Amino acid sequence: MSATEVTSSRISYESFAIKPPEHPTYDLKGIIKLALEEDAGDRGDVTCLATIPFDMEVEAYFLAKEDGIIAGIALAEMIFHEVDPSLKVEWSKNDGDFVHKGLQFGRVHGRAHNIVVAERVVLNFMQRMSGTATLTKAMANAAYPAYMLETRKTAPGLRLVDKWAVLIGGGRNHRMGLFDMVMIKDNHISAAGGVADALKAVDLYLEQNNLQMEVEVETRTLEEVEEVLHYSSQTKTSLTRIMLDNMVVPLPNGDVDISMLKEAVQLINGRYETEWFVDSFCESTRHLPQN
């Protein structure tokens, strides 16, 4: 089956099993070209040029080396198309499917030289994306009914690819960048003079610039949670989510103390989404039920 349709000027995502997240300036086709150019340099594949007849055709197969979630199939087909549109690529699995070790899940047929040129770039993306998707799936399953969000701590230049892999693994996307969501963190709070002042400044900015977007505020103490709730009870606000930062405290025996987190959730009482930090890769958020 065909995973994607690529034109000379733009990419159509309509046939993707799982579409990449949206970004107003990200050039996915440009990233593919950059990856290929990085590998080819100014001479191309000198080993292939020396050893493989120009018109030789072969068929190559994709084989899963471990159990996991496969990711990067749509991107792989885009890469093959960029190298040689005449290559014929077929898949028996879609992005997001589980594969067992040893499963042959795809094949590509065409000129050997071009398959080899595309192969390493394809595998580099697929291995990275599949690893991310597999880990995300495990964490998302463990966190249910909460859901997993990633962060902006992605490889430079690969943000859309990394966040796409999280979607494929069953996670959800947090903000794509600095432009699509207001996220008030400790440095903003300090500069504004307090958490309520920071929220007030954000509400004023959005109103003055006729902007509508999600607003999240980071809280580090129960007092800050109470301050946020007091402000929102007195003022019309764009606030949509409250982050409960560092409110899960590790204990020496390896357990965790969640008493502060639980109290904060009870204070919020379902009025806003809540989010709490898990580690440097993912964060978890959900509408929390009251028990």
# chains A, B, ... in the order shown; residues from 1 in each chain; ligands from 1

call {"tool": "select_by_dssp", "arguments": {"residues": "stretch 109-223 of chain A", "states": "strand (DSSP E)", "output": "JSON, numbers by chain"}}
result
{"A": [109, 110, 111, 147, 148, 149, 150, 182, 183, 184, 215, 216, 217, 218, 219]}

call {"tool": "write_last_selection", "arguments": {"atoms": "N, CA and C atoms", "output": "compact mmCIF listing (two decimals), in the first residue's frame"}}
result
# COMPACT_ATOMS: atom_id res chain seq x y z
N HIS A 109 11.50 -2.06 -4.19
CA HIS A 109 12.05 -2.62 -5.42
C HIS A 109 12.45 -1.49 -6.35
N GLY A 110 13.61 -1.66 -6.99
CA GLY A 110 14.06 -0.67 -7.96
C GLY A 110 15.57 -0.69 -8.11
N ARG A 111 16.14 0.42 -8.58
CA ARG A 111 17.58 0.49 -8.81
C ARG A 111 18.33 0.31 -7.50
N TYR A 147 -2.95 10.93 30.31
CA TYR A 147 -2.32 10.78 29.01
C TYR A 147 -0.97 11.47 29.02
N MET A 148 -0.13 10.98 28.14
CA MET A 148 1.26 11.42 28.10
C MET A 148 1.44 12.56 27.10
N LEU A 149 2.23 13.56 27.53
CA LEU A 149 2.63 14.66 26.67
C LEU A 149 4.14 14.71 26.61
N GLU A 150 4.67 15.07 25.43
CA GLU A 150 6.11 15.27 25.36
C GLU A 150 6.45 16.72 25.71
N VAL A 182 0.54 29.62 25.35
CA VAL A 182 1.19 30.37 26.42
C VAL A 182 1.49 29.41 27.56
N MET A 183 2.75 29.37 27.97
CA MET A 183 3.15 28.52 29.08
C MET A 183 3.94 29.37 30.07
N ILE A 184 3.30 29.72 31.17
CA ILE A 184 3.89 30.61 32.17
C ILE A 184 4.70 29.77 33.15
N VAL A 215 -3.66 28.46 27.60
CA VAL A 215 -2.75 29.07 28.56
C VAL A 215 -2.52 28.09 29.71
N GLU A 216 -1.26 27.83 29.97
CA GLU A 216 -0.88 26.95 31.08
C GLU A 216 0.01 27.72 32.04
N VAL A 217 -0.18 27.50 33.32
CA VAL A 217 0.65 28.16 34.32
C VAL A 217 1.29 27.10 35.21
N GLU A 218 2.55 27.29 35.50
CA GLU A 218 3.29 26.38 36.37
C GLU A 218 3.14 26.83 37.82
N THR A 219 2.81 25.89 38.69
CA THR A 219 2.77 26.16 40.13
C THR A 219 3.72 25.20 40.83

call {"tool": "residues_around", "arguments": {"residues": "A:His113", "least_positions_apart": "3", "cutoff": "7 Å", "atoms": "only C-alpha atoms", "output": "PyMOL selection string"}}
result
chain A and resi 48+52+54+116-117

call {"tool": "write_last_selection", "arguments": {"atoms": "C-alpha atoms", "output": "CSV table (one decimal), in the first residue's frame"}}
result
chain,number,residue,atom,x,y,z
A,48,CYS,CA,28.0,2.3,-4.8
A,52,ILE,CA,27.1,-1.4,-8.2
A,54,PHE,CA,24.1,1.7,-12.7
A,116,VAL,CA,21.3,1.8,-0.9
A,117,VAL,CA,21.6,5.6,-1.0

call {"tool": "closest_residue", "arguments": {"among": "A:Leu63, A:Leu267, A:Leu34, A:Leu158", "to": "A:Thr221", "atoms": "only C-alpha atoms"}}
result
A:Leu267

call {"tool": "residues_around", "arguments": {"residues": "A:Leu211", "least_positions_apart": "3", "cutoff": "12 Å", "atoms": "only C-alpha atoms", "output": "PyMOL selection string"}}
result
chain A and resi 179-182+202-208+214-215+238

call {"tool": "closest_residue", "arguments": {"among": "A:Lys65, A:Lys137, A:Arg175, A:Lys19", "to": "A:Gln104", "atoms": "only C-alpha atoms"}}
result
A:Lys65

call {"tool": "residues_around", "arguments": {"residues": "stretch 132-134 of chain A", "least_positions_apart": "3", "cutoff": "9 Å", "atoms": "only C-alpha atoms", "output": "PDB file with C-alpha atoms, in the first residue's frame"}}
result
ATOM      1  CA  ASP A  67       9.278  -6.316  19.341  1.00  0.00           C
ATOM      2  CA  GLY A  68       7.802  -2.826  19.372  1.00  0.00           C
ATOM      3  CA  ILE A  69       5.726  -0.118  17.745  1.00  0.00           C
ATOM      4  CA  ILE A  70       6.719   0.643  14.180  1.00  0.00           C
ATOM      5  CA  ALA A  71       7.009   4.314  13.292  1.00  0.00           C
ATOM      6  CA  GLY A  96       1.535   2.691  15.070  1.00  0.00           C
ATOM      7  CA  PHE A  98       2.901  -3.547  16.827  1.00  0.00           C
ATOM      8  CA  GLN A 127      14.813   3.496  14.280  1.00  0.00           C
ATOM      9  CA  ARG A 128      14.644   6.794  16.160  1.00  0.00           C
ATOM     10  CA  MET A 129      10.902   7.160  15.649  1.00  0.00           C
ATOM     11  CA  LYS A 137       3.243   3.384  24.138  1.00  0.00           C
ATOM     12  CA  ALA A 138       4.523   1.687  27.291  1.00  0.00           C
ATOM     13  CA  MET A 139       4.288   4.901  29.326  1.00  0.00           C
ATOM     14  CA  ASP A 162      10.108  13.478  17.349  1.00  0.00           C
ATOM     15  CA  TRP A 164       5.163  12.751  15.312  1.00  0.00           C
ATOM     16  CA  ALA A 165       6.689   9.615  16.824  1.00  0.00           C
ATOM     17  CA  VAL A 166       5.010  10.398  20.145  1.00  0.00           C
ATOM     18  CA  LEU A 167       1.637  10.613  18.392  1.00  0.00           C
ATOM     19  CA  ILE A 168       2.309   7.309  16.639  1.00  0.00           C
ATOM     20  CA  GLY A 169       3.063   5.726  20.030  1.00  0.00           C
ATOM     21  CA  GLY A 170      -0.233   6.843  21.534  1.00  0.00           C
ATOM     22  CA  GLY A 171       0.952   9.990  23.307  1.00  0.00           C
TER      23      GLY A 171
END
